[in-house]
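Colleague: If it helps, the file is called run_27.txt and holds compact mmCIF, C-alpha atoms:
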# COMPACT_ATOMS: atom_id res chain seq x y z
CA MET A 273 -5.05 9.76 2.03
CA HIS A 274 -6.56 10.45 5.45
CA ARG A 275 -4.88 7.46 7.07
CA ARG A 276 -1.51 9.05 6.33
CA CYS A 277 -2.36 12.22 8.23
CA ALA A 278 -0.92 10.73 11.40
CA ILE A 279 2.48 10.69 9.72
CA ILE A 280 2.20 14.33 8.75
CA ALA A 281 1.02 15.53 12.15
CA SER A 282 3.70 13.60 13.99
CA ALA A 283 6.45 14.86 11.72
CA ALA A 284 5.93 18.48 12.70
CA LEU A 285 8.13 18.06 15.77
CA ALA A 286 10.89 16.17 13.99
CA GLY A 287 13.38 18.95 13.28
CA CYS A 288 14.25 20.70 10.03
CA SER A 289 16.12 20.00 6.83
CA PHE A 290 17.61 23.01 5.04
CA ALA A 291 18.76 21.08 1.93
CA PRO A 292 15.97 18.62 1.17
CA ASP A 293 16.40 18.51 -2.62
CA VAL A 294 19.73 16.67 -2.90
CA ASP A 295 20.41 15.05 -6.26
CA HIS A 296 21.58 11.48 -5.66
CA ASP A 297 23.79 10.97 -8.70
CA GLY A 298 26.81 9.10 -7.37
CA ALA A 299 27.92 5.56 -8.10
CA ASP A 300 25.62 4.17 -5.38
CA ALA A 301 22.48 6.07 -6.44
CA PRO A 302 19.49 3.72 -6.79
CA ARG A 303 19.14 2.03 -10.17
CA ALA A 304 16.46 -0.04 -11.87
CA LEU A 305 18.43 -3.03 -13.14
CA PRO A 306 17.31 -6.48 -14.29
CA LEU A 307 17.58 -9.16 -11.63
CA PRO A 308 20.51 -11.58 -12.01
CA ARG A 309 18.07 -14.51 -12.16
CA ALA A 310 14.31 -14.96 -12.51
CA PRO A 311 12.68 -15.34 -9.07
CA ARG A 312 10.52 -18.38 -8.48
CA ILE A 313 8.46 -16.74 -5.73
CA ALA A 314 8.03 -13.10 -4.78
CA TRP A 315 6.50 -11.44 -1.74
CA VAL A 316 4.74 -8.16 -2.56
CA LEU A 317 4.12 -5.72 0.30
CA SER A 318 1.70 -2.85 -0.34
CA SER A 319 1.73 0.80 0.59
CA GLY A 320 -0.52 1.90 3.44
CA GLY A 321 1.07 4.40 5.82
CA PRO A 322 0.46 3.35 9.44
CA ARG A 323 -1.54 0.38 8.14
CA GLY A 324 1.79 -1.03 7.03
CA PHE A 325 2.42 -2.32 10.56
CA VAL A 326 0.41 -5.32 9.34
CA HIS A 327 3.39 -6.32 7.18
CA VAL A 328 5.45 -6.79 10.33
CA GLY A 329 3.08 -9.48 11.60
CA VAL A 330 3.02 -11.20 8.22
CA LEU A 331 6.81 -11.39 8.06
CA LYS A 332 6.99 -12.63 11.64
CA ALA A 333 4.64 -15.50 10.77
CA LEU A 334 6.46 -16.31 7.52
CA ASP A 335 9.69 -16.54 9.53
CA GLU A 336 8.07 -18.97 11.95
CA LEU A 337 6.89 -21.06 9.00
CA ASN A 338 10.49 -21.02 7.74
CA LEU A 339 9.40 -19.69 4.35
CA LYS A 340 11.71 -17.65 2.16
CA PRO A 341 11.18 -15.69 -1.06
CA ASP A 342 13.41 -15.23 -4.07
CA LEU A 343 12.36 -11.57 -4.32
CA ILE A 344 10.62 -8.96 -2.16
CA VAL A 345 8.80 -6.10 -3.87
CA GLY A 346 7.63 -3.21 -1.68
CA ALA A 347 5.80 0.06 -2.16
CA SER A 348 6.16 2.88 0.39
CA VAL A 349 5.92 1.38 3.88
CA GLY A 350 6.08 -2.03 2.21
CA ALA A 351 9.47 -1.06 0.81
CA LEU A 352 10.69 -0.06 4.26
CA VAL A 353 9.60 -3.25 6.01
CA GLY A 354 10.55 -5.41 3.04
CA CYS A 355 14.02 -3.91 2.78
CA LEU A 356 14.81 -4.75 6.39
CA ARG A 357 13.67 -8.35 5.83
CA ALA A 358 15.55 -8.68 2.53
CA SER A 359 18.74 -7.51 4.24
CA GLY A 360 18.50 -10.35 6.73
CA VAL A 361 16.79 -8.73 9.73
CA PRO A 362 14.56 -11.48 11.23
CA GLY A 363 10.85 -10.98 11.81
CA PRO A 364 10.99 -10.68 15.63
CA ASP A 365 13.66 -7.96 15.36
CA ILE A 366 11.54 -6.03 12.84
CA GLU A 367 8.61 -6.32 15.26
CA ALA A 368 10.68 -4.95 18.15
CA LEU A 369 11.79 -2.01 15.99
CA ALA A 370 8.21 -1.34 14.84
CA LEU A 371 6.96 -1.20 18.42
CA GLU A 372 9.78 1.06 19.59
CA LEU A 373 9.84 3.43 16.61
CA GLN A 374 9.06 7.07 17.36
CA PRO A 375 6.88 8.56 14.58
CA THR A 376 8.49 11.98 15.07
CA SER A 377 11.80 10.49 13.93
CA MET A 378 10.51 9.62 10.45
CA ALA A 379 10.43 13.10 8.89
CA ARG A 380 11.86 16.61 9.11
CA LEU A 381 10.35 19.94 8.22
CA ALA A 382 11.70 20.88 4.78
CA ILE A 383 12.88 24.48 4.78
CA TRP A 384 13.05 26.25 1.39
CA SER A 385 11.01 23.51 -0.28
CA ASP A 386 7.58 23.44 -1.93
CA GLN A 387 6.72 20.38 0.19
CA ARG A 388 6.27 20.33 3.93
CA PHE A 389 8.60 17.50 4.93
CA SER A 390 11.81 15.73 4.04
CA GLY A 391 11.90 11.95 4.33
CA ALA A 392 15.67 11.81 4.80
CA PRO A 393 15.23 10.20 8.24
CA VAL A 394 13.65 7.19 6.50
CA ALA A 395 16.88 6.66 4.57
CA GLU A 396 18.85 7.08 7.78
CA LEU A 397 16.70 4.46 9.51
CA VAL A 398 17.38 1.96 6.72
CA HIS A 399 21.10 2.72 6.88
CA ARG A 400 21.06 2.15 10.63
CA TYR A 401 19.12 -1.12 10.77
CA ALA A 402 19.47 -2.89 7.41
CA ARG A 403 22.35 -5.33 7.32
CA GLN A 404 23.53 -4.22 3.87
CA ARG A 405 23.62 -0.71 2.50
CA LEU A 406 23.24 -1.66 -1.17
CA LEU A 407 20.20 -3.43 -2.60
CA GLU A 408 22.32 -5.71 -4.78
CA ASP A 409 24.19 -7.02 -1.71
CA MET A 410 21.07 -8.19 0.13
CA PRO A 411 20.61 -11.95 0.65
CA VAL A 412 17.13 -11.65 -0.87
CA PRO A 413 16.77 -9.46 -3.99
CA MET A 414 14.73 -6.37 -3.19
CA ALA A 415 12.74 -4.03 -5.45
CA CYS A 416 11.70 -0.66 -4.01
CA VAL A 417 8.84 0.75 -6.09
CA ALA A 418 8.58 4.48 -6.74
CA THR A 419 7.06 6.80 -9.35
CA ARG A 420 9.15 8.97 -11.64
CA ARG A 421 7.43 12.31 -11.31
CA SER A 422 8.18 13.63 -14.81
CA ASP A 423 6.14 11.00 -16.64
CA GLY A 424 4.38 8.91 -13.98
CA ALA A 425 6.42 5.81 -14.82
CA VAL A 426 6.58 3.18 -12.08
CA VAL A 427 10.21 2.35 -11.30
CA ALA A 428 11.56 -0.68 -9.45
CA PHE A 429 14.90 0.14 -7.84
CA THR A 430 16.85 -3.11 -7.53
CA ALA A 431 20.39 -1.79 -7.02
CA GLY A 432 22.13 1.06 -5.25
CA ASP A 433 21.61 2.76 -1.91
CA ALA A 434 18.76 0.99 -0.12
CA GLY A 435 18.00 3.93 2.17
CA VAL A 436 17.59 6.39 -0.69
CA ALA A 437 15.47 3.88 -2.63
CA VAL A 438 13.14 3.41 0.34
CA GLN A 439 12.97 7.18 0.87
CA ALA A 440 11.92 7.64 -2.77
CA SER A 441 9.35 4.87 -2.45
CA SER A 442 7.95 6.57 0.68
CA ALA A 443 7.91 10.19 -0.57
CA ILE A 444 4.17 10.93 -0.28
CA GLU A 445 3.35 13.24 -3.16
CA GLY A 446 2.29 16.70 -2.05
CA GLN A 447 3.62 16.21 1.48
CA PHE A 448 7.19 14.94 1.28
CA THR A 449 9.97 16.36 -0.85
CA PRO A 450 10.48 14.21 -3.97
CA VAL A 451 13.74 12.29 -3.98
CA ARG A 452 15.94 13.37 -6.86
CA ILE A 453 17.89 10.48 -8.39
CA ARG A 454 20.16 11.28 -11.30
CA GLY A 455 18.24 14.49 -11.92
CA GLU A 456 14.78 12.87 -11.89
CA PRO A 457 12.41 13.54 -8.95
CA HIS A 458 10.73 10.39 -7.59
CA VAL A 459 7.73 10.03 -5.29
CA ASP A 460 5.88 7.10 -3.79
CA ALA A 461 3.86 4.82 -6.05
CA ASP A 462 0.55 5.00 -4.18
CA TRP A 463 -1.24 6.77 -7.05
CA PHE A 464 -0.13 4.16 -9.59
CA ALA A 465 0.93 0.85 -8.03
CA PRO A 466 0.04 0.52 -4.33
CA LEU A 467 0.19 -3.30 -4.59
CA PRO A 468 2.78 -3.93 -7.33
CA VAL A 469 2.03 -7.56 -8.19
CA ARG A 470 2.18 -7.01 -11.96
CA LEU A 471 5.54 -5.34 -11.51
CA ALA A 472 6.77 -8.43 -9.64
CA ARG A 473 5.57 -10.52 -12.59
CA SER A 474 7.46 -8.23 -14.98
CA LEU A 475 10.62 -8.93 -12.96
CA GLY A 476 10.12 -12.63 -13.68
CA ALA A 477 8.28 -13.86 -10.57
CA ARG A 478 6.51 -17.18 -11.25
CA ARG A 479 4.46 -17.16 -8.04
CA VAL A 480 3.40 -14.20 -5.93
CA LEU A 481 2.29 -13.81 -2.34
CA ALA A 482 0.75 -10.34 -1.97
CA VAL A 483 -0.05 -8.51 1.27
CA ASP A 484 -2.70 -5.80 0.96
CA ALA A 485 -2.73 -3.34 3.89
CA SER A 486 -5.69 -1.31 2.61
CA VAL A 487 -9.07 -1.02 4.33
CA HIS A 488 -11.94 -3.46 3.90
CA LEU A 489 -14.58 -1.31 2.23
CA ASP A 490 -17.45 -3.37 3.63
CA ARG A 491 -16.21 -2.70 7.17
CA ALA A 492 -16.10 1.11 6.97
CA PRO A 493 -17.70 2.47 10.16
CA PRO A 494 -20.06 5.43 10.58
CA GLY A 495 -18.09 8.62 10.14
CA ALA A 496 -15.99 7.26 7.30
CA GLU A 497 -18.34 8.47 4.55
CA ARG A 498 -16.23 11.52 3.73
CA TYR A 499 -13.31 9.24 2.89
CA ARG A 500 -15.34 6.98 0.61
CA ASP A 501 -14.06 8.44 -2.66
CA GLY A 502 -10.45 7.99 -1.61
CA ASP A 503 -11.11 4.44 -0.45
CA LEU A 504 -12.81 3.57 -3.74
CA ARG A 505 -9.92 5.06 -5.70
CA LYS A 506 -7.45 2.98 -3.74
CA ARG A 507 -9.51 -0.17 -4.22
CA ALA A 508 -9.67 0.44 -7.98
CA LEU A 509 -5.87 0.67 -8.07
CA VAL A 510 -5.31 -2.38 -5.86
CA GLN A 511 -7.83 -4.78 -7.38
CA PRO A 512 -6.17 -5.50 -10.76
CA ASP A 513 -2.94 -6.44 -8.99
CA ALA A 514 -4.67 -8.37 -6.23
CA GLN A 515 -6.29 -10.56 -8.89
CA GLN A 516 -2.86 -11.40 -10.31
CA ALA A 517 -1.51 -12.78 -7.01
CA ASP A 518 -1.35 -16.52 -6.42
CA LEU A 519 -2.20 -15.92 -2.77
CA LEU A 520 -3.49 -12.66 -1.30
CA LEU A 521 -3.44 -11.76 2.38
CA HIS A 522 -5.76 -8.86 3.26
CA PRO A 523 -5.87 -8.78 7.07
CA ASP A 524 -8.68 -6.86 8.76
CA PHE A 525 -7.71 -4.78 11.80
CA GLY A 526 -10.24 -1.97 11.69
CA TYR A 527 -10.60 1.24 9.73
CA TRP A 528 -9.10 3.99 11.86
CA VAL A 529 -5.36 4.14 12.45
CA SER A 530 -2.89 5.74 14.82
CA PHE A 531 0.67 5.28 16.02
CA SER A 532 -0.39 4.13 19.47
CA ARG A 533 1.12 0.98 20.94
CA ASP A 534 -2.35 -0.60 20.95
CA PHE A 535 -2.87 0.03 17.23
CA ARG A 536 0.57 -1.26 16.30
CA GLU A 537 0.07 -4.46 18.29
CA ARG A 538 -3.41 -4.90 16.76
CA ALA A 539 -2.12 -4.49 13.20
CA ILE A 540 0.88 -6.76 13.77
CA GLY A 541 -1.33 -9.37 15.43
CA ALA A 542 -3.83 -9.29 12.57
CA GLY A 543 -1.05 -9.81 10.02
CA TYR A 544 0.38 -12.69 12.04
CA ARG A 545 -2.97 -14.47 12.44
CA ALA A 546 -4.01 -13.98 8.82
CA THR A 547 -0.73 -15.55 7.72
CA MET A 548 -0.91 -18.47 10.10
CA ASP A 549 -4.50 -19.12 9.02
CA GLN A 550 -3.15 -19.70 5.50
CA ALA A 551 -0.15 -21.78 6.61
CA ALA A 552 -1.08 -24.85 4.54
CA ARG A 553 -1.62 -22.83 1.37
CA LEU A 554 1.57 -20.87 1.96
CA LEU A 555 3.62 -24.02 2.39
CA LYS A 556 2.18 -25.40 -0.83
CA LEU A 557 2.85 -22.14 -2.67
CA HIS A 558 6.49 -22.12 -1.61
CA THR A 559 7.17 -25.77 -2.38
CA ALA A 560 5.22 -26.23 -5.61
CA THR A 561 7.19 -26.52 -8.82
CA ALA A 562 6.73 -23.38 -10.90
CA PRO A 563 5.46 -23.84 -14.45
CA ALA A 564 7.96 -23.41 -17.24
CA ALA A 565 8.26 -19.91 -18.64
Represent the structure from my file as structure tokens, please.
Modeller:
Amino acid sequence: MHRRCAIIASAALAGCSFAPDVDHDGADAPRALPLPRAPRIAWVLSSGGPRGFVHVGVLKALDELNLKPDLIVGASVGALVGCLRASGVPGPDIEALALELQPTSMARLAIWSDQRFSGAPVAELVHRYARQRLLEDMPVPMACVATRRSDGAVVAFTAGDAGVAVQASSAIEGQFTPVRIRGEPHVDADWFAPLPVRLARSLGARRVLAVDASVHLDRAPPGAERYRDGDLRKRALVQPDAQQADLLLHPDFGYWVSFSRDFRERAIGAGYRATMDQAARLLKLHTATAPAA
């Protein structure tokens, strides 16, 4: 979890929330509903904290290749970036937002809460920049993946308030206040499904492009030994899903992370190049006839 520490440190200056445990139980509360039609191809964007800037470069390249999915599935930061794209925000605009974003605007100190921060600003960001407020109204179906805290079930929100769904998907357990939806607290899915390819399959996806933002274990530099157990745990969670993807992108942009302009540009550039390097395979994946169910 050490690569998420930058989020926590930056959030300390972001203001306070005195009512962080709101129960979202209205008509537009996020819901896990079946998709209206089975998707032929899904894009799956992993969790990863600041490493998720790599998704921005991938989407920018996919836009340039004029490729489109029938479904986007995102976990944590993958849900945030994916939701913007699913709503119709083009890749270059997502890149501009990613480079301008102030980390201190992504969280608030949570007063009178067991957790340190509220992720309400994440929902507000989605409301501000996404072109539709409801998941079911987006041009591309979107599934925001979160964990129901009471039983550890992985939930794919496909309808309702997109901002709240992304906030739930991004609620880092133990740091951010869980997002209560119809009485049930939800947190991010990083401990259960950081790369939710099998979930995309369960939603009917015939073909899956997956983007893994996690570290390359064989590239860990000196000084990273104390994080080895966490990295191995993450790899063990990612690998079964990675093996189920038709095409996996796992860009390498170094081990250490930050929110500096240089790091963001490096991560975005790595995602862009890794995607363009697979242009021929991606075109084939998106144009091939899917096998019958």
Colleague: Extract, using only C-alpha atoms, all DNA, RNA and protein residues at most 6 Å from region 338-346 of chain A, discarding same-chain residues fewer than 2 positions from it, and format them as a PyMOL selection string.
Modeller: chain A and resi 311+313-317+334-336+350-351+354+412-416
Colleague: So how far away is CA of Val487 (chain A) from CA of Gly435 (chain A), in Å?
Modeller: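 Rounded to one decimal, the two atoms are 27.6 Å apart.
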Colleague: Would you compute the distance between CA of Gln447 (chain A) and CA of Phe464 (chain A)? Give it in Å to one decimal.
Modeller: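 Separation between CA of Gln447 (chain A) and CA of Phe464 (chain A): 16.8 Å.
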Colleague: For CA of Val353 (chain A) and CA of Arg303 (chain A), quote the distance in Å rounded to one decimal.
Modeller: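 CA of Arg303 (chain A) lies at a distance of 19.5 Å from CA of Val353 (chain A).
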Colleague: Identify which of the residues A:Val394, A:Ile540, A:Leu352, A:Leu555 lies closest to Glu367 (chain A), counting only C-alpha atoms when measuring atom-to-atom distances.
Modeller: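 Using only C-alpha atoms, the shortest distance to Glu367 (chain A) belongs to A:Ile540.
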Colleague: Nearest to Arg403 (chain A): which of A:Ala492, A:Val361, A:Ala428, A:Leu471 is it, counting all atoms listed in the file?
Modeller: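 Checking each of A:Ala492, A:Val361, A:Ala428, A:Leu471 against Arg403 (chain A), counting all atoms listed in the file, the winner is A:Val361.
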Colleague: So which residues touch region 536-539 of chain A within 7 Å, counting only C-alpha atoms, skipping near sequence neighbours fewer than 6 positions away, as a PDB file with C-alpha atoms, in the coordinates of the input?
Modeller:
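Dumped everything to result14.pdb:
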ATOM      1  CA  PHE A 325       2.420  -2.320  10.560  1.00  0.00           C
ATOM      2  CA  VAL A 326       0.410  -5.320   9.340  1.00  0.00           C
ATOM      3  CA  LEU A 371       6.960  -1.200  18.420  1.00  0.00           C
ATOM      4  CA  PHE A 525      -7.710  -4.780  11.800  1.00  0.00           C
TER       5      PHE A 525
END
Colleague: Quick one: residues within 10 Å of Leu356 (chain A), only C-alpha atoms counted, chain neighbours fewer than 4 positions away excluded, as number ranges by chain?
Modeller: A: 351-352, 360-363, 365-366, 397-399, 401-404, 410, 414, 434
Colleague: Compare A:Gly298, A:Gly476, A:Leu481, A:Phe535 by their minimum atom-to-atom distance to Ala370 (chain A), counting all atoms listed in the file, and give me the closest one.
Modeller: A:Phe535
Colleague: Name all residues at most 12 Å from Tyr527 (chain A) (count only C-alpha atoms; drop same-chain ones fewer than 4 positions away) and give them as number ranges by chain.
Modeller: A: 274-275, 320, 322-323, 485-497, 499-500, 503, 523, 535, 538-539
Colleague: Looking at A:Leu407, A:Ala418, A:Ala517, A:Val330, which one is nearest to Pro450 (chain A), with distances taken over only C-alpha atoms?
Modeller: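 Among A:Leu407, A:Ala418, A:Ala517, A:Val330, it is A:Ala418 that comes nearest to Pro450 (chain A).
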